[in-house]
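**Q** Before we start, here is the structure in question, set down as structure tokens.
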Amino acid sequence: MKTDSLIEMLSTNVEPVRRGEIWRSLALALVLGLVAAFGVMLVTIGGRPKLIAPQSLFSVALKTVFALTVIVSSGVALIRLAKPEGERMRLAPYLLPMLLALLLGGLIGLGLVVSSSRAAAVIGTQTWTCITCIPLFALLPFLALIFALRRAAPTDLRRTGAIAGLLAGGVGAVVYAFHCPDDSVLFVTVWYGSALAFCTLIGALLGPRFLRW
């Protein structure tokens, strides 16, 4: 078969990709992953006692705002990475809000806590629970995102996997916020940030394997 004939045959009846399909697929995966992760949290460690108390609601709201910053920043980046030629994309502008939130949180935490109490503020009461549960709660959202991304056409598989891991970690952080008894800004900055970095690393390692065409 001649090359021109082959190209003509392959181009016949090709349906264009519907605009917004990638966005809708990732949004659905995110919602389903969030619901599933919230269920895992309830059956494993449970919600925070006295959640409706004003102090608890305020603390959960602050943690949720931080996690939503991560979700929005990484989500917009992931939509771009899900398309071909993602390797040409610069990630820094998309991740800047999250990095600024971490920096601002650290500075505020240092300003609010006296030097003699900073170690206790960082360590908190459930450090290991935090850095274990955020990746655990991120697992199902990550798998849902990978399933959605396999229907797209990412070409930079490592960075796509990394951002998918970061996005799933943001979901895990939102879910864990409804249990977390540690309200120190320094605790959130250090340990939530560490858990998110771990989720990003795992995503980068698994991306090339799970997203390979």
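Every chain in the structure tokens has a letter given in the order shown (A, B, ...), and although residue numbers restart at 1 in each chain, ligands are simply numbered from 1 in the order shown.
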If we count only C-alpha atoms, what is near Ala164 in chain A at a cut-off of 12 Å, once residues fewer than 5 positions away on the same chain are taken out, given as a ChimeraX atom specification?
**A** /A:26,29-30,70-82,138-150,154,157-159,169-171,196-197,199-208,210-211
**Q** Using DSSP on the backbone coordinates, identify all residues within range 29-199 of chain A classified as helix (DSSP H, G or I); present the result as a VMD selection string.
**A** chain A and resid 29 to 44 54 to 81 86 to 88 92 to 112 115 to 123 127 to 149 157 to 177 185 to 199
**Q** Keeping only C-alpha atoms, write the selected residues to a file as a compact mmCIF listing (two decimals), in the first residue's frame.
**A**
```
# COMPACT_ATOMS: atom_id res chain seq x y z
CA ALA A 29 -12.21 11.19 38.59
CA LEU A 30 -11.45 13.83 41.20
CA VAL A 31 -14.98 13.81 42.63
CA LEU A 32 -15.19 10.02 42.74
CA GLY A 33 -11.74 9.83 44.32
CA LEU A 34 -12.69 12.42 46.94
CA VAL A 35 -15.86 10.54 47.92
CA ALA A 36 -13.98 7.24 48.10
CA ALA A 37 -11.14 8.75 50.14
CA PHE A 38 -13.59 10.34 52.56
CA GLY A 39 -15.19 6.95 53.07
CA VAL A 40 -11.80 5.39 53.78
CA MET A 41 -11.11 8.10 56.36
CA LEU A 42 -14.41 7.50 58.15
CA VAL A 43 -13.90 3.75 58.44
CA THR A 44 -10.23 3.94 59.46
CA PRO A 54 -16.00 27.13 66.23
CA GLN A 55 -12.26 26.52 66.77
CA SER A 56 -12.43 23.16 64.99
CA LEU A 57 -14.38 24.57 62.07
CA PHE A 58 -11.91 27.44 61.69
CA SER A 59 -8.91 25.09 61.72
CA VAL A 60 -10.47 22.67 59.25
CA ALA A 61 -11.36 25.59 56.98
CA LEU A 62 -7.77 26.88 56.94
CA LYS A 63 -6.36 23.44 56.14
CA THR A 64 -8.99 22.95 53.46
CA VAL A 65 -8.15 26.30 51.84
CA PHE A 66 -4.49 25.30 51.68
CA ALA A 67 -5.36 21.90 50.19
CA LEU A 68 -7.71 23.51 47.66
CA THR A 69 -4.86 25.78 46.57
CA VAL A 70 -2.88 22.63 45.82
CA ILE A 71 -5.82 21.01 44.03
CA VAL A 72 -6.60 24.00 41.81
CA SER A 73 -2.96 24.69 40.92
CA SER A 74 -2.09 21.08 40.10
CA GLY A 75 -5.47 20.45 38.46
CA VAL A 76 -5.01 23.24 35.92
CA ALA A 77 -1.48 22.00 35.22
CA LEU A 78 -2.69 18.41 34.79
CA ILE A 79 -5.27 19.43 32.19
CA ARG A 80 -2.43 20.92 30.14
CA LEU A 81 -0.15 17.93 30.67
CA GLY A 86 3.23 18.49 27.58
CA GLU A 87 7.01 18.32 27.81
CA ARG A 88 7.14 21.89 26.46
CA ALA A 92 6.49 26.86 37.68
CA PRO A 93 3.65 29.36 37.04
CA TYR A 94 1.04 26.75 37.92
CA LEU A 95 2.74 25.62 41.13
CA LEU A 96 3.63 29.12 42.33
CA PRO A 97 0.37 29.63 44.35
CA MET A 98 0.99 26.43 46.28
CA LEU A 99 4.61 27.31 46.98
CA LEU A 100 3.63 30.79 48.10
CA ALA A 101 0.99 29.30 50.42
CA LEU A 102 3.62 27.05 52.00
CA LEU A 103 6.07 29.94 52.38
CA LEU A 104 3.43 32.24 53.82
CA GLY A 105 2.24 29.53 56.20
CA GLY A 106 5.77 28.95 57.43
CA LEU A 107 6.38 32.65 58.01
CA ILE A 108 3.05 33.10 59.80
CA GLY A 109 3.71 30.02 61.92
CA LEU A 110 7.13 31.27 62.95
CA GLY A 111 5.66 34.65 63.83
CA LEU A 112 2.81 33.24 65.92
CA SER A 115 10.86 30.11 69.82
CA SER A 116 10.66 27.90 72.91
CA SER A 117 7.43 26.30 71.66
CA ARG A 118 8.24 25.89 67.97
CA ALA A 119 9.49 22.31 68.27
CA ALA A 120 6.27 21.21 69.94
CA ALA A 121 4.23 23.12 67.35
CA VAL A 122 6.01 21.35 64.50
CA ILE A 123 5.90 17.86 66.02
CA THR A 127 2.81 13.38 63.03
CA TRP A 128 3.01 9.80 61.78
CA THR A 129 -0.72 9.61 61.29
CA CYS A 130 -0.55 12.72 59.12
CA ILE A 131 2.29 11.64 56.85
CA THR A 132 0.82 8.14 56.57
CA CYS A 133 -2.84 8.97 56.06
CA ILE A 134 -2.53 11.73 53.46
CA PRO A 135 -0.80 9.38 50.96
CA LEU A 136 -3.22 6.60 51.96
CA PHE A 137 -6.24 8.79 51.29
CA ALA A 138 -4.61 9.93 48.03
CA LEU A 139 -4.38 6.37 46.65
CA LEU A 140 -7.91 6.01 45.27
CA PRO A 141 -7.99 9.54 43.80
CA PHE A 142 -4.63 8.84 42.15
CA LEU A 143 -5.89 5.62 40.56
CA ALA A 144 -9.02 7.40 39.35
CA LEU A 145 -6.92 10.17 37.81
CA ILE A 146 -4.62 7.65 36.13
CA PHE A 147 -7.65 5.92 34.61
CA ALA A 148 -8.88 9.25 33.24
CA LEU A 149 -5.43 10.22 31.94
CA LEU A 157 4.56 10.71 31.42
CA ARG A 158 6.84 11.41 34.37
CA ARG A 159 5.70 14.96 34.96
CA THR A 160 2.09 14.01 34.29
CA GLY A 161 2.35 11.27 36.91
CA ALA A 162 4.01 13.66 39.35
CA ILE A 163 1.27 16.28 39.02
CA ALA A 164 -1.40 13.59 39.25
CA GLY A 165 0.25 12.46 42.49
CA LEU A 166 0.32 16.03 43.78
CA LEU A 167 -3.34 16.53 42.89
CA ALA A 168 -4.31 13.27 44.59
CA GLY A 169 -2.24 14.34 47.59
CA GLY A 170 -4.25 17.56 47.75
CA VAL A 171 -7.41 15.46 47.90
CA GLY A 172 -5.86 13.34 50.64
CA ALA A 173 -4.98 16.51 52.56
CA VAL A 174 -8.57 17.78 52.33
CA VAL A 175 -9.88 14.49 53.67
CA TYR A 176 -7.31 14.27 56.46
CA ALA A 177 -8.14 17.84 57.53
CA VAL A 185 0.33 26.43 61.11
CA LEU A 186 3.87 25.10 61.39
CA PHE A 187 2.57 21.53 61.65
CA VAL A 188 0.45 21.95 58.52
CA THR A 189 3.28 23.58 56.60
CA VAL A 190 5.90 20.97 57.47
CA TRP A 191 3.96 17.71 57.52
CA TYR A 192 1.22 18.37 54.99
CA GLY A 193 3.94 19.73 52.73
CA SER A 194 6.08 16.63 53.28
CA ALA A 195 3.17 14.29 52.55
CA LEU A 196 2.40 16.19 49.36
CA ALA A 197 6.04 15.97 48.26
CA PHE A 198 5.94 12.21 48.86
CA CYS A 199 2.75 11.84 46.78
```
**Q** Point out the residue among A:Lys83, A:Gly20, A:Gly47, A:Ser25 with the least atom-to-atom distance to His179 in chain A, counting only C-alpha atoms.
**A**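 Once distances to His179 in chain A are computed over only C-alpha atoms, the minimum belongs to A:Gly47.
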**Q** How far is it from CA of Gly46 in chain A to CA of Cys180 in chain A, in Å with one decimal?
**A**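 Distance reported for this atom pair: 9.9 Å.
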**Q** What is the distance, in Å and to one decimal place, between CA of Ile45 in chain A and CA of Phe178 in chain A?
**A** 10.3 Å
**Q** So what do you get for CA of Ile52 in chain A versus CA of Asp182 in chain A, distance-wise?
**A** 15.9 Å
